[in-house]
Every structure is written in structure tokens, then in C-alpha cells.
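Below: model28.json (JSON, C-alpha atoms)
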```json
[["chain", "number", "residue", "atom", "x", "y", "z"],
["A", 950, "MET", "CA", 24.94, -13.03, 27.90],
["A", 951, "HIS", "CA", 23.39, -10.33, 25.72],
["A", 952, "SER", "CA", 23.68, -6.81, 27.01],
["A", 953, "LYS", "CA", 20.60, -4.62, 27.13],
["A", 954, "THR", "CA", 20.47, -1.95, 24.48],
["A", 955, "SER", "CA", 19.53, 1.48, 25.74],
["A", 956, "PRO", "CA", 17.33, 3.81, 23.65],
["A", 957, "GLN", "CA", 20.24, 6.26, 23.47],
["A", 958, "LYS", "CA", 22.56, 3.64, 21.97],
["A", 959, "SER", "CA", 19.86, 2.53, 19.53],
["A", 960, "ASP", "CA", 19.36, 6.14, 18.40],
["A", 961, "HIS", "CA", 23.11, 6.49, 17.92],
["A", 962, "LEU", "CA", 23.30, 3.35, 15.77],
["A", 963, "HIS", "CA", 20.35, 4.47, 13.61],
["A", 964, "ALA", "CA", 21.61, 8.03, 13.19],
["A", 965, "HIS", "CA", 22.26, 9.36, 9.66],
["A", 966, "ARG", "CA", 25.23, 11.68, 9.35],
["A", 967, "ARG", "CA", 26.34, 14.05, 6.62],
["A", 968, "GLY", "CA", 26.55, 12.18, 3.32],
["A", 969, "ASP", "CA", 24.21, 9.41, 4.44],
["A", 970, "ALA", "CA", 20.72, 8.77, 3.06],
["A", 971, "GLN", "CA", 18.02, 11.29, 3.91],
["A", 972, "HIS", "CA", 15.36, 8.65, 4.59],
["A", 973, "GLN", "CA", 15.03, 8.19, 8.37],
["A", 974, "HIS", "CA", 12.94, 4.95, 8.26],
["A", 975, "PHE", "CA", 9.86, 6.61, 9.75],
["A", 976, "PHE", "CA", 7.26, 9.18, 8.67],
["A", 977, "GLU", "CA", 7.68, 11.90, 11.24],
["A", 978, "ASN", "CA", 5.58, 14.52, 9.46],
["A", 979, "ARG", "CA", 2.77, 12.31, 8.16],
["A", 980, "SER", "CA", -0.58, 13.50, 9.47],
["A", 981, "GLN", "CA", -3.44, 11.19, 10.36],
["A", 982, "LYS", "CA", -6.10, 13.90, 9.94],
["A", 983, "ILE", "CA", -7.04, 12.77, 6.42],
["A", 984, "LEU", "CA", -7.73, 9.20, 7.48],
["A", 985, "ALA", "CA", -9.39, 10.28, 10.75],
["A", 986, "TRP", "CA", -11.91, 12.46, 8.92],
["A", 987, "ALA", "CA", -12.62, 9.76, 6.35],
["A", 988, "LEU", "CA", -13.05, 7.14, 9.08],
["A", 989, "GLY", "CA", -15.45, 9.33, 11.07],
["A", 990, "LEU", "CA", -17.71, 10.04, 8.09],
["A", 991, "THR", "CA", -17.74, 6.47, 6.86],
["A", 992, "LEU", "CA", -18.33, 4.83, 10.21],
["A", 993, "SER", "CA", -21.12, 7.22, 11.20],
["A", 994, "PHE", "CA", -23.15, 6.36, 8.09],
["A", 995, "ALA", "CA", -22.22, 2.68, 7.88],
["A", 996, "PHE", "CA", -24.53, 1.72, 10.75],
["A", 997, "VAL", "CA", -27.39, 3.73, 9.27],
["A", 998, "GLU", "CA", -27.05, 2.07, 5.87],
["A", 999, "VAL", "CA", -26.73, -1.42, 7.34],
["A", 1000, "GLY", "CA", -30.02, -0.98, 9.19],
["A", 1001, "PHE", "CA", -31.87, 0.43, 6.20],
["A", 1002, "GLY", "CA", -30.38, -2.24, 3.93],
["A", 1003, "PHE", "CA", -31.93, -5.08, 5.90],
["A", 1004, "TRP", "CA", -35.14, -3.14, 6.56],
["A", 1005, "SER", "CA", -35.71, -2.48, 2.85],
["A", 1006, "ASN", "CA", -34.51, -6.01, 1.90],
["A", 1007, "SER", "CA", -32.30, -4.60, -0.88],
["A", 1008, "LEU", "CA", -29.20, -6.61, -1.72],
["A", 1009, "ALA", "CA", -27.78, -3.65, -3.64],
["A", 1010, "LEU", "CA", -28.14, -1.50, -0.52],
["A", 1011, "ILE", "CA", -26.87, -4.28, 1.74],
["A", 1012, "SER", "CA", -23.81, -4.67, -0.51],
["A", 1013, "ASP", "CA", -23.25, -0.92, -0.36],
["A", 1014, "ALA", "CA", -23.65, -1.07, 3.41],
["A", 1015, "GLY", "CA", -21.22, -3.97, 3.56],
["A", 1016, "HIS", "CA", -18.73, -1.95, 1.55],
["A", 1017, "MET", "CA", -19.05, 0.96, 3.96],
["A", 1018, "VAL", "CA", -18.51, -1.29, 6.97],
["A", 1019, "THR", "CA", -15.47, -2.75, 5.23],
["A", 1020, "ASP", "CA", -14.34, 0.78, 4.38],
["A", 1021, "ALA", "CA", -14.52, 1.74, 8.03],
["A", 1022, "ALA", "CA", -12.37, -1.26, 8.95],
["A", 1023, "ALA", "CA", -9.97, -0.48, 6.11],
["A", 1024, "LEU", "CA", -9.67, 3.15, 7.15],
["A", 1025, "GLY", "CA", -9.20, 2.09, 10.77],
["A", 1026, "LEU", "CA", -6.38, -0.25, 9.74],
["A", 1027, "ALA", "CA", -4.87, 2.47, 7.55],
["A", 1028, "LEU", "CA", -4.98, 4.96, 10.42],
["A", 1029, "LEU", "CA", -3.41, 2.47, 12.82],
["A", 1030, "ALA", "CA", -0.72, 1.60, 10.26],
["A", 1031, "GLN", "CA", 0.19, 5.25, 9.77],
["A", 1032, "MET", "CA", 0.47, 5.72, 13.52],
["A", 1033, "ILE", "CA", 2.77, 2.69, 13.71],
["A", 1034, "ALA", "CA", 4.80, 3.91, 10.71],
["A", 1035, "LYS", "CA", 5.61, 7.14, 12.57],
["A", 1036, "ARG", "CA", 7.51, 5.20, 15.23],
["A", 1037, "PRO", "CA", 11.29, 5.52, 14.86],
["A", 1038, "PRO", "CA", 13.53, 2.45, 14.41],
["A", 1039, "THR", "CA", 14.33, 0.37, 17.48],
["A", 1040, "ALA", "CA", 17.00, -2.13, 18.43],
["A", 1041, "LYS", "CA", 14.71, -4.96, 17.20],
["A", 1042, "ASN", "CA", 13.25, -3.16, 14.17],
["A", 1043, "SER", "CA", 16.21, -1.40, 12.60],
["A", 1044, "PHE", "CA", 14.29, -0.49, 9.41],
["A", 1045, "GLY", "CA", 11.44, 1.09, 11.34],
["A", 1046, "PHE", "CA", 7.76, 0.25, 10.88],
["A", 1047, "GLY", "CA", 7.04, 1.59, 7.40],
["A", 1048, "ARG", "CA", 5.97, -1.85, 6.15],
["A", 1049, "ALA", "CA", 2.94, -1.72, 8.46],
["A", 1050, "GLU", "CA", 1.15, 0.34, 5.79],
["A", 1051, "ALA", "CA", 1.70, -2.25, 3.05],
["A", 1052, "LEU", "CA", 0.67, -5.05, 5.40],
["A", 1053, "ALA", "CA", -2.58, -3.26, 6.24],
["A", 1054, "ALA", "CA", -3.21, -2.63, 2.52],
["A", 1055, "PHE", "CA", -2.76, -6.34, 1.79],
["A", 1056, "VAL", "CA", -5.19, -7.31, 4.58],
["A", 1057, "ASN", "CA", -7.71, -4.76, 3.28],
["A", 1058, "GLY", "CA", -7.53, -6.31, -0.18],
["A", 1059, "LEU", "CA", -8.16, -9.81, 1.18],
["A", 1060, "VAL", "CA", -11.15, -8.59, 3.18],
["A", 1061, "MET", "CA", -12.56, -6.93, 0.08],
["A", 1062, "LEU", "CA", -12.31, -10.21, -1.83],
["A", 1063, "ALA", "CA", -14.32, -11.94, 0.88],
["A", 1064, "VAL", "CA", -17.02, -9.24, 0.79],
["A", 1065, "VAL", "CA", -17.28, -9.45, -3.01],
["A", 1066, "GLY", "CA", -17.55, -13.25, -2.83],
["A", 1067, "TRP", "CA", -20.46, -13.03, -0.38],
["A", 1068, "ILE", "CA", -22.31, -10.44, -2.48],
["A", 1069, "VAL", "CA", -21.97, -12.49, -5.68],
["A", 1070, "PHE", "CA", -23.15, -15.64, -3.92],
["A", 1071, "GLU", "CA", -26.19, -13.89, -2.43],
["A", 1072, "ALA", "CA", -27.01, -12.21, -5.74],
["A", 1073, "ALA", "CA", -26.96, -15.55, -7.57],
["A", 1074, "GLN", "CA", -29.54, -16.88, -5.11],
["A", 1075, "ARG", "CA", -31.82, -13.88, -5.66],
["A", 1076, "LEU", "CA", -31.69, -14.10, -9.45],
["A", 1077, "SER", "CA", -33.61, -17.38, -9.33],
["A", 1078, "HIS", "CA", -35.72, -16.41, -6.31],
["A", 1079, "PRO", "CA", -36.43, -12.64, -6.41],
["A", 1080, "GLU", "CA", -37.38, -11.00, -3.14],
["A", 1081, "PRO", "CA", -39.47, -7.83, -2.67],
["A", 1082, "VAL", "CA", -37.47, -4.62, -2.20],
["A", 1083, "GLN", "CA", -38.60, -1.15, -1.04],
["A", 1084, "GLY", "CA", -37.29, 0.93, -3.94],
["A", 1085, "GLY", "CA", -38.07, 4.37, -2.49],
["A", 1086, "ALA", "CA", -36.14, 3.79, 0.73],
["A", 1087, "VAL", "CA", -33.22, 2.36, -1.24],
["A", 1088, "MET", "CA", -33.00, 5.47, -3.44],
["A", 1089, "LEU", "CA", -33.06, 7.85, -0.46],
["A", 1090, "VAL", "CA", -30.45, 6.08, 1.66],
["A", 1091, "ALA", "CA", -28.18, 5.29, -1.29],
["A", 1092, "SER", "CA", -28.23, 8.96, -2.38],
["A", 1093, "ILE", "CA", -27.03, 10.02, 1.07],
["A", 1094, "GLY", "CA", -24.37, 7.31, 0.97],
["A", 1095, "LEU", "CA", -23.22, 8.50, -2.45],
["A", 1096, "ALA", "CA", -22.74, 12.06, -1.15],
["A", 1097, "ILE", "CA", -20.74, 10.80, 1.83],
["A", 1098, "ASN", "CA", -18.58, 8.57, -0.36],
["A", 1099, "ILE", "CA", -17.77, 11.48, -2.68],
["A", 1100, "VAL", "CA", -16.65, 13.57, 0.29],
["A", 1101, "VAL", "CA", -14.54, 10.72, 1.73],
["A", 1102, "ALA", "CA", -12.93, 9.99, -1.66],
["A", 1103, "TRP", "CA", -12.08, 13.69, -2.03],
["A", 1104, "ILE", "CA", -10.49, 13.69, 1.42],
["A", 1105, "LEU", "CA", -8.40, 10.57, 0.75],
["A", 1106, "SER", "CA", -7.25, 11.83, -2.66],
["A", 1107, "HIS", "CA", -5.18, 14.50, -0.87],
["A", 1108, "ASP", "CA", -2.75, 11.85, 0.40],
["A", 1109, "LYS", "CA", -0.79, 10.77, -2.69],
["A", 1110, "GLU", "CA", 2.18, 9.15, -0.89],
["A", 1111, "SER", "CA", 0.77, 6.30, 1.18],
["A", 1112, "VAL", "CA", 0.08, 2.96, -0.52],
["A", 1113, "ASN", "CA", -2.16, 2.17, 2.41],
["A", 1114, "THR", "CA", -4.30, 5.26, 1.82],
["A", 1115, "LYS", "CA", -4.54, 4.26, -1.84],
["A", 1116, "ALA", "CA", -5.86, 0.89, -0.73],
["A", 1117, "ALA", "CA", -8.44, 2.58, 1.47],
["A", 1118, "LEU", "CA", -9.39, 4.81, -1.47],
["A", 1119, "VAL", "CA", -10.06, 1.69, -3.57],
["A", 1120, "HIS", "CA", -12.56, 0.60, -0.94],
["A", 1121, "VAL", "CA", -14.28, 3.98, -1.03],
["A", 1122, "MET", "CA", -14.38, 4.11, -4.84],
["A", 1123, "GLY", "CA", -15.95, 0.67, -4.85],
["A", 1124, "ASP", "CA", -18.45, 1.87, -2.29],
["A", 1125, "LEU", "CA", -19.20, 4.89, -4.48],
["A", 1126, "LEU", "CA", -20.02, 2.56, -7.37],
["A", 1127, "GLY", "CA", -22.16, 0.54, -5.00],
["A", 1128, "SER", "CA", -24.12, 3.65, -4.04],
["A", 1129, "VAL", "CA", -24.78, 4.48, -7.71],
["A", 1130, "ALA", "CA", -25.91, 0.91, -8.36],
["A", 1131, "ALA", "CA", -28.19, 1.02, -5.33],
["A", 1132, "ILE", "CA", -29.77, 4.27, -6.54],
["A", 1133, "VAL", "CA", -30.40, 2.81, -10.00],
["A", 1134, "SER", "CA", -31.72, -0.39, -8.47],
["A", 1135, "GLY", "CA", -34.11, 1.49, -6.20],
["A", 1136, "ALA", "CA", -35.35, 3.66, -9.06],
["A", 1137, "VAL", "CA", -36.04, 0.70, -11.37],
["A", 1138, "ILE", "CA", -37.84, -1.21, -8.62],
["A", 1139, "TYR", "CA", -39.83, 1.84, -7.52],
["A", 1140, "TYR", "CA", -41.00, 2.85, -11.01],
["A", 1141, "VAL", "CA", -41.00, -0.48, -12.90],
["A", 1142, "GLY", "CA", -41.14, -3.18, -10.25],
["A", 1143, "TRP", "CA", -38.39, -5.38, -11.78],
["A", 1144, "MET", "CA", -36.80, -7.04, -8.71],
["A", 1145, "GLN", "CA", -34.00, -8.83, -10.60],
["A", 1146, "ILE", "CA", -32.24, -5.50, -11.21],
["A", 1147, "ASP", "CA", -31.11, -5.52, -7.57],
["A", 1148, "PRO", "CA", -28.89, -8.66, -7.72],
["A", 1149, "ILE", "CA", -27.77, -7.93, -11.30],
["A", 1150, "LEU", "CA", -26.35, -4.53, -10.39],
["A", 1151, "SER", "CA", -24.79, -5.99, -7.25],
["A", 1152, "ILE", "CA", -22.84, -8.52, -9.33],
["A", 1153, "PHE", "CA", -21.84, -5.86, -11.87],
["A", 1154, "VAL", "CA", -20.41, -3.57, -9.18],
["A", 1155, "SER", "CA", -18.61, -6.48, -7.50],
["A", 1156, "LEU", "CA", -16.84, -7.38, -10.75],
["A", 1157, "LEU", "CA", -15.72, -3.77, -11.23],
["A", 1158, "ILE", "CA", -14.31, -3.68, -7.72],
["A", 1159, "LEU", "CA", -12.29, -6.85, -8.28],
["A", 1160, "LYS", "CA", -9.93, -5.14, -10.74],
["A", 1161, "SER", "CA", -8.95, -2.42, -8.29],
["A", 1162, "THR", "CA", -8.71, -4.91, -5.44],
["A", 1163, "PHE", "CA", -6.31, -7.14, -7.38],
["A", 1164, "GLY", "CA", -4.23, -4.06, -8.16],
["A", 1165, "VAL", "CA", -3.88, -3.20, -4.47],
["A", 1166, "LEU", "CA", -3.09, -6.81, -3.58],
["A", 1167, "GLY", "CA", -0.44, -7.00, -6.29],
["A", 1168, "GLU", "CA", 1.23, -3.75, -5.27],
["A", 1169, "SER", "CA", 1.30, -4.52, -1.55],
["A", 1170, "TYR", "CA", 2.40, -8.15, -2.14],
["A", 1171, "HIS", "CA", 5.25, -7.00, -4.38],
["A", 1172, "PHE", "CA", 6.38, -4.60, -1.67],
["A", 1173, "LEU", "CA", 6.12, -7.13, 1.16],
["A", 1174, "MET", "CA", 8.15, -9.63, -0.92],
["A", 1175, "GLU", "CA", 10.87, -6.97, -1.27],
["A", 1176, "GLY", "CA", 10.48, -6.82, -5.04],
["A", 1177, "VAL", "CA", 12.31, -4.25, -7.15],
["A", 1178, "PRO", "CA", 10.25, -1.02, -7.09],
["A", 1179, "GLN", "CA", 7.96, -0.75, -10.11],
["A", 1180, "HIS", "CA", 9.50, 2.52, -11.31],
["A", 1181, "ILE", "CA", 13.09, 1.21, -11.20],
["A", 1182, "ASP", "CA", 14.85, -0.71, -13.99],
["A", 1183, "TYR", "CA", 17.07, -3.24, -12.20],
["A", 1184, "LEU", "CA", 19.10, -4.16, -15.31],
["A", 1185, "GLN", "CA", 19.64, -0.51, -16.20],
["A", 1186, "ILE", "CA", 21.03, 0.15, -12.72],
["A", 1187, "GLY", "CA", 23.57, -2.62, -13.27],
["A", 1188, "ASP", "CA", 24.61, -1.10, -16.60],
["A", 1189, "ASP", "CA", 24.86, 2.39, -15.10],
["A", 1190, "LEU", "CA", 27.01, 1.16, -12.22],
["A", 1191, "GLU", "CA", 29.42, -0.59, -14.57],
["A", 1192, "ALA", "CA", 29.60, 2.59, -16.67],
["A", 1193, "VAL", "CA", 31.04, 4.58, -13.74],
["A", 1194, "SER", "CA", 34.73, 5.28, -14.24],
["A", 1195, "GLY", "CA", 36.83, 2.83, -12.23],
["A", 1196, "VAL", "CA", 34.13, 0.15, -11.89],
["A", 1197, "LEU", "CA", 34.96, -3.14, -13.59],
["A", 1198, "SER", "CA", 31.86, -5.22, -12.74],
["A", 1199, "VAL", "CA", 28.85, -5.47, -10.43],
["A", 1200, "HIS", "CA", 27.50, -8.51, -8.58],
["A", 1201, "ASP", "CA", 25.28, -9.44, -5.63],
["A", 1202, "LEU", "CA", 23.09, -6.44, -6.47],
["A", 1203, "HIS", "CA", 19.75, -6.03, -4.68],
["A", 1204, "VAL", "CA", 17.17, -3.23, -4.92],
["A", 1205, "TRP", "CA", 14.03, -3.02, -2.81],
["A", 1206, "GLU", "CA", 11.90, -0.57, -0.83],
["A", 1207, "MET", "CA", 12.35, -0.26, 2.93],
["A", 1208, "SER", "CA", 9.07, 1.65, 3.09],
["A", 1209, "PRO", "CA", 6.77, 2.81, 0.26],
["A", 1210, "GLY", "CA", 8.54, 5.37, -1.90],
["A", 1211, "TYR", "CA", 11.98, 4.91, -0.33],
["A", 1212, "PRO", "CA", 14.14, 2.47, -2.34],
["A", 1213, "ALA", "CA", 17.40, 1.01, -1.07],
["A", 1214, "LEU", "CA", 20.31, -0.68, -2.81],
["A", 1215, "ILE", "CA", 23.11, -3.02, -1.75],
["A", 1216, "GLY", "CA", 25.76, -4.64, -3.89],
["A", 1217, "HIS", "CA", 29.41, -5.43, -4.58],
["A", 1218, "LEU", "CA", 31.51, -3.40, -7.00],
["A", 1219, "GLU", "CA", 34.71, -4.75, -8.44],
["A", 1220, "ILE", "CA", 37.14, -1.86, -9.02],
["A", 1221, "ASP", "CA", 40.65, -1.61, -10.40],
["A", 1222, "ASP", "CA", 42.14, 0.44, -7.58],
["A", 1223, "LEU", "CA", 40.99, 0.43, -3.93],
["A", 1224, "SER", "CA", 42.69, 3.76, -3.30],
["A", 1225, "ALA", "CA", 40.24, 5.33, -5.77],
["A", 1226, "TRP", "CA", 37.21, 4.02, -3.86],
["A", 1227, "PRO", "CA", 36.21, 7.35, -2.22],
["A", 1228, "ARG", "CA", 36.02, 9.03, -5.63],
["A", 1229, "ILE", "CA", 34.20, 6.08, -7.20],
["A", 1230, "LEU", "CA", 31.71, 5.88, -4.34],
["A", 1231, "GLU", "CA", 30.89, 9.59, -4.64],
["A", 1232, "SER", "CA", 30.31, 9.18, -8.39],
["A", 1233, "VAL", "CA", 28.10, 6.16, -7.80],
["A", 1234, "LYS", "CA", 26.02, 7.94, -5.14],
["A", 1235, "THR", "CA", 25.50, 10.96, -7.39],
["A", 1236, "MET", "CA", 24.51, 8.78, -10.35],
["A", 1237, "LEU", "CA", 22.04, 6.65, -8.36],
["A", 1238, "LEU", "CA", 20.36, 9.69, -6.86],
["A", 1239, "ASP", "CA", 20.13, 11.67, -10.11],
["A", 1240, "LYS", "CA", 19.11, 8.84, -12.46],
["A", 1241, "HIS", "CA", 17.23, 6.44, -10.21],
["A", 1242, "LYS", "CA", 16.23, 8.50, -7.13],
["A", 1243, "ILE", "CA", 18.04, 6.10, -4.79],
["A", 1244, "ASP", "CA", 19.99, 7.63, -1.92],
["A", 1245, "HIS", "CA", 20.01, 4.75, 0.58],
["A", 1246, "ILE", "CA", 22.88, 2.59, -0.67],
["A", 1247, "THR", "CA", 25.35, 0.12, 0.84],
["A", 1248, "LEU", "CA", 28.22, -0.96, -1.43],
["A", 1249, "GLN", "CA", 31.26, -3.13, -0.91],
["A", 1250, "ALA", "CA", 34.38, -2.49, -2.98],
["A", 1251, "GLU", "CA", 36.46, -5.41, -4.22],
["A", 1252, "VAL", "CA", 39.55, -5.83, -6.39],
["A", 1253, "PRO", "CA", 39.68, -8.49, -9.13],
["A", 1254, "GLY", "CA", 39.88, -11.99, -7.66],
["A", 1255, "MET", "CA", 38.63, -11.01, -4.20],
["A", 1256, "ALA", "CA", 35.07, -12.27, -4.84],
["A", 1257, "GLU", "CA", 36.36, -15.67, -6.01],
["A", 1258, "ASP", "CA", 38.60, -15.96, -2.96],
["A", 1259, "ASP", "CA", 35.68, -15.13, -0.65],
["A", 1260, "ALA", "CA", 33.41, -17.64, -2.37],
["A", 1261, "ALA", "CA", 36.05, -20.37, -2.12],
["A", 1262, "GLY", "CA", 36.43, -19.60, 1.55],
["A", 1263, "ASP", "CA", 32.72, -20.17, 2.11],
["A", 1264, "TYR", "CA", 33.06, -23.83, 1.14],
["A", 1265, "SER", "CA", 36.35, -24.61, 2.83]]
```

Step by step, read the file and then write its structure as C-alpha cells.
Amino acid sequence: MHSKTSPQKSDHLHAHRRGDAQHQHFFENRSQKILAWALGLTLSFAFVEVGFGFWSNSLALISDAGHMVTDAAALGLALLAQMIAKRPPTAKNSFGFGRAEALAAFVNGLVMLAVVGWIVFEAAQRLSHPEPVQGGAVMLVASIGLAINIVVAWILSHDKESVNTKAALVHVMGDLLGSVAAIVSGAVIYYVGWMQIDPILSIFVSLLILKSTFGVLGESYHFLMEGVPQHIDYLQIGDDLEAVSGVLSVHDLHVWEMSPGYPALIGHLEIDDLSAWPRILESVKTMLLDKHKIDHITLQAEVPGMAEDDAAGDYS
């Protein structure tokens, strides 16, 4: 029978003492004000732009409105993820909830792909069958949307740590491009009367957004798959570990991020003298922190032949 784990015991097991890593597996001081402000501004105008988009029959404005609705959902997910990420580790989630941000960023990227697909499909239909658009209304509403997007992008740019906020910023930057395209589309239709400019600019903006969206998907996917952090050279770490005095070889080495910006390392070090392990471990910790910015490490010391004996035991 499994015994129940009390919160006090869980806190004790997760505690970091002197000499341990500084990362506590949760973002205690991260504020949600940035995302809350961005969400409020975006959501308040999204409904206005959706209504005017269908009323004016402008695909460029509808695509911009669709981006703003998606932005609101993205910002809402980002806000929720940051709230979850502030929760401390539990008995069932010993690494905390920092991965919630990357998961939300990945979902946001997938949603953006779906929105872009719909816009391109609709634009292709309108290229062969142009529909009348009220250019003046499009210019007015898109100009207001552009101003709001600039403010929201400025707000989000103040959070440089969260991958999830970066994903939300991609949405907003795409929406900003959509607002510019809608303004140009409205102006051309209003002064020239060329209706095809509306779907053409919609496709152009959608293609620009794809690059940023794929970047967010790639970054969040790499993190969720526990890939080696982009800024860390895995092979160089192996060389640096073997260069530490007393270390003979390194194996079973793994490097990943427990939460964005906080790498961790585990591995086995073969050393010539187990009695020298405290000194070797201190040298290794100092080297990893100074050269690779890694302070959350778990290493197992072995003497020559121990690894082979352990491996043989696994198959006996």
C-alpha cells in the first residue's frame, strides 16, 4: 500500500540546500501584468474588428480580425501557462510546471497554421471571383487595429525570458502586418477600385507569418522533446568534463532544459580515485557553471571497470 505524501514532506524532498542548484523549478517572481494588459487590449478590439470585417466584406480586414481573435486566445493561453508555471513542484510533478509555457507556445503555433491555411484558401477563391469591399471602412478600422497592435507588441517586448510570451509576440507581429496590409488594401480599393488587392495582400501577409510560426513551433517542439538547449554545445561539454583533473572518461551524458532558460545535466564520470570525488565534483560544478551556465547537475562517479560490471549485471 502506498503511503500518502504530505505537502510538508514533498517540500522537504524538493528543497535545495547550500551547494545545490539555484533553480527552484517554478517562476515565483514572474508577473502576469504584461500578458494581462496585452490580452485586455487585444480582446477588446478583436470583436470590433470581426464585426467590421464582415460588414465591409474585406478579406484583408477579416484576416486581421482573425489574427486578433487568435492573438487573444494565444495571450489567454500564455497567461494561463504562466500562472501554472508559478506553482511549486508537487509529489506527482517533481520538476514543477515550467513546461506548461512551451506546451502553450506549441499549441499557439498550430492554431496559427490553421488560421493561415483558411486565409490562403479564402483568398484563392476571391482572386478568381472578386467581391466588393468598402475601402474607407477598412482603412479606418485597420488603422485603429494597427495602433493597438503596436501598443501590445511594445508591452510584450518587455518580457524577454518566456518562450511562451515570445510565441504570443509572434501572433501580434503577424497581426501588425495584417493591419498594414488591410490599410493598403482599403486605400487601393477606395481610390482605385481594384478588388483583387484584398486577397493578394492577405496571401502575402500569411506567407510572412509562416516563417515566424515555424520558428516558434521548432523552438517549443525542441524543448518539449527534451533536446539539448540551442545555446549549449553538447560535444564541448563532454570534452570539458574529460579535461577536469581526475576524470578519465564520460558516458551516459544528457543535457536538457527542465523549464525554458534552466538547463540540467546528468551523467556518469569515470575517475581514477573515488576518495578524490568531492574535489573533482567541485571542479566540475564550477566549470559547468562558468563555461556553460549549468548549475543543475546530477553526476555519478565510477572507477574503471565499474560501468562494464553494471552493464553485465543488467543482462544476467

Q. Residues at most 9 Å from Ala987 (chain A), counting all atoms listed in the file, excluding those fewer than 5 positions away in the same chain, as number ranges by chain?
A. A: 982, 992, 1021, 1024, 1100-1102, 1104-1105

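The nearest approach to Ile1099 (chain A) among the residues A:Leu1028, A:Val1121, A:Val997, A:Val1165, with only C-alpha atoms taken into account, belongs to A:Val1121.
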
Q) Within 6 Å of region 998-1013 of chain A, counting all atoms listed in the file, which residues qualify if same-chain residues fewer than 2 places away don't, as a PyMOL selection string? A) chain A and resi 995-996+1015-1016+1082-1083+1124+1127-1128+1131+1147+1151

Applying 9 Å and only C-alpha atoms, which residues near Leu1156 (chain A) remain after dropping the ones on its own chain fewer than 4 positions away? List them as a short mmCIF file (atom, residue, chain, number, x, y, z; two decimals) with C-alpha atoms, keeping the file's coordinate frame.
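Now in around_5.cif:
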```
data_model
loop_
_atom_site.label_atom_id
_atom_site.label_comp_id
_atom_site.auth_asym_id
_atom_site.auth_seq_id
_atom_site.Cartn_x
_atom_site.Cartn_y
_atom_site.Cartn_z
CA VAL A 1065 -17.28 -9.45 -3.01
CA VAL A 1069 -21.97 -12.49 -5.68
CA SER A 1151 -24.79 -5.99 -7.25
CA ILE A 1152 -22.84 -8.52 -9.33
CA LYS A 1160 -9.93 -5.14 -10.74
#
```

**Q.** Å distance separating CA of Phe1055 (chain A) from CA of Lys1242 (chain A), one decimal place
**A.** 25.7 Å

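Residue nearest Asn1098 (chain A) within the list A:Leu1159, A:Leu1223, A:Ala1014, A:Val1177: A:Ala1014 [criterion: smallest interatomic distance, only C-alpha atoms].
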
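Take the candidates A:Thr1247, A:Thr1235, A:Gln1074, A:Ser1169 and check each one against Leu1052 (chain A) using all atoms listed in the file; the shortest distance goes to A:Ser1169.
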
Please supply region 1082-1087 of chain A, rebuilt with all heavy atoms, as a PDB file, keeping the file's coordinate frame.
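Final output, saved to out-v9.pdb:
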```pdb
ATOM      1  N   VAL A1082     -38.377  -5.664  -2.678  1.00  0.00           N
ATOM      2  CA  VAL A1082     -37.470  -4.620  -2.200  1.00  0.00           C
ATOM      3  C   VAL A1082     -38.214  -3.294  -2.186  1.00  0.00           C
ATOM      4  O   VAL A1082     -38.991  -2.993  -3.095  1.00  0.00           O
ATOM      5  CB  VAL A1082     -36.232  -4.500  -3.126  1.00  0.00           C
ATOM      6  CG1 VAL A1082     -35.325  -3.355  -2.674  1.00  0.00           C
ATOM      7  CG2 VAL A1082     -35.468  -5.814  -3.154  1.00  0.00           C
ATOM      8  N   GLN A1083     -37.977  -2.474  -1.150  1.00  0.00           N
ATOM      9  CA  GLN A1083     -38.600  -1.150  -1.040  1.00  0.00           C
ATOM     10  C   GLN A1083     -37.739  -0.146  -1.789  1.00  0.00           C
ATOM     11  O   GLN A1083     -36.779   0.397  -1.245  1.00  0.00           O
ATOM     12  CB  GLN A1083     -38.767  -0.762   0.416  1.00  0.00           C
ATOM     13  CG  GLN A1083     -39.651  -1.727   1.209  1.00  0.00           C
ATOM     14  CD  GLN A1083     -39.934  -1.221   2.598  1.00  0.00           C
ATOM     15  OE1 GLN A1083     -40.056  -0.022   2.825  1.00  0.00           O
ATOM     16  NE2 GLN A1083     -40.051  -2.147   3.545  1.00  0.00           N
ATOM     17  N   GLY A1084     -38.102   0.090  -3.059  1.00  0.00           N
ATOM     18  CA  GLY A1084     -37.290   0.930  -3.940  1.00  0.00           C
ATOM     19  C   GLY A1084     -37.119   2.357  -3.459  1.00  0.00           C
ATOM     20  O   GLY A1084     -36.032   2.935  -3.583  1.00  0.00           O
ATOM     21  N   GLY A1085     -38.158   2.970  -2.919  1.00  0.00           N
ATOM     22  CA  GLY A1085     -38.070   4.370  -2.490  1.00  0.00           C
ATOM     23  C   GLY A1085     -37.057   4.566  -1.375  1.00  0.00           C
ATOM     24  O   GLY A1085     -36.243   5.508  -1.407  1.00  0.00           O
ATOM     25  N   ALA A1086     -37.087   3.687  -0.377  1.00  0.00           N
ATOM     26  CA  ALA A1086     -36.140   3.790   0.730  1.00  0.00           C
ATOM     27  C   ALA A1086     -34.709   3.562   0.252  1.00  0.00           C
ATOM     28  O   ALA A1086     -33.761   4.212   0.722  1.00  0.00           O
ATOM     29  CB  ALA A1086     -36.499   2.769   1.818  1.00  0.00           C
ATOM     30  N   VAL A1087     -34.543   2.644  -0.705  1.00  0.00           N
ATOM     31  CA  VAL A1087     -33.220   2.360  -1.240  1.00  0.00           C
ATOM     32  C   VAL A1087     -32.650   3.599  -1.927  1.00  0.00           C
ATOM     33  O   VAL A1087     -31.479   3.966  -1.730  1.00  0.00           O
ATOM     34  CB  VAL A1087     -33.273   1.184  -2.239  1.00  0.00           C
ATOM     35  CG1 VAL A1087     -31.932   1.017  -2.944  1.00  0.00           C
ATOM     36  CG2 VAL A1087     -33.651  -0.102  -1.518  1.00  0.00           C
TER      37      VAL A1087
END
```
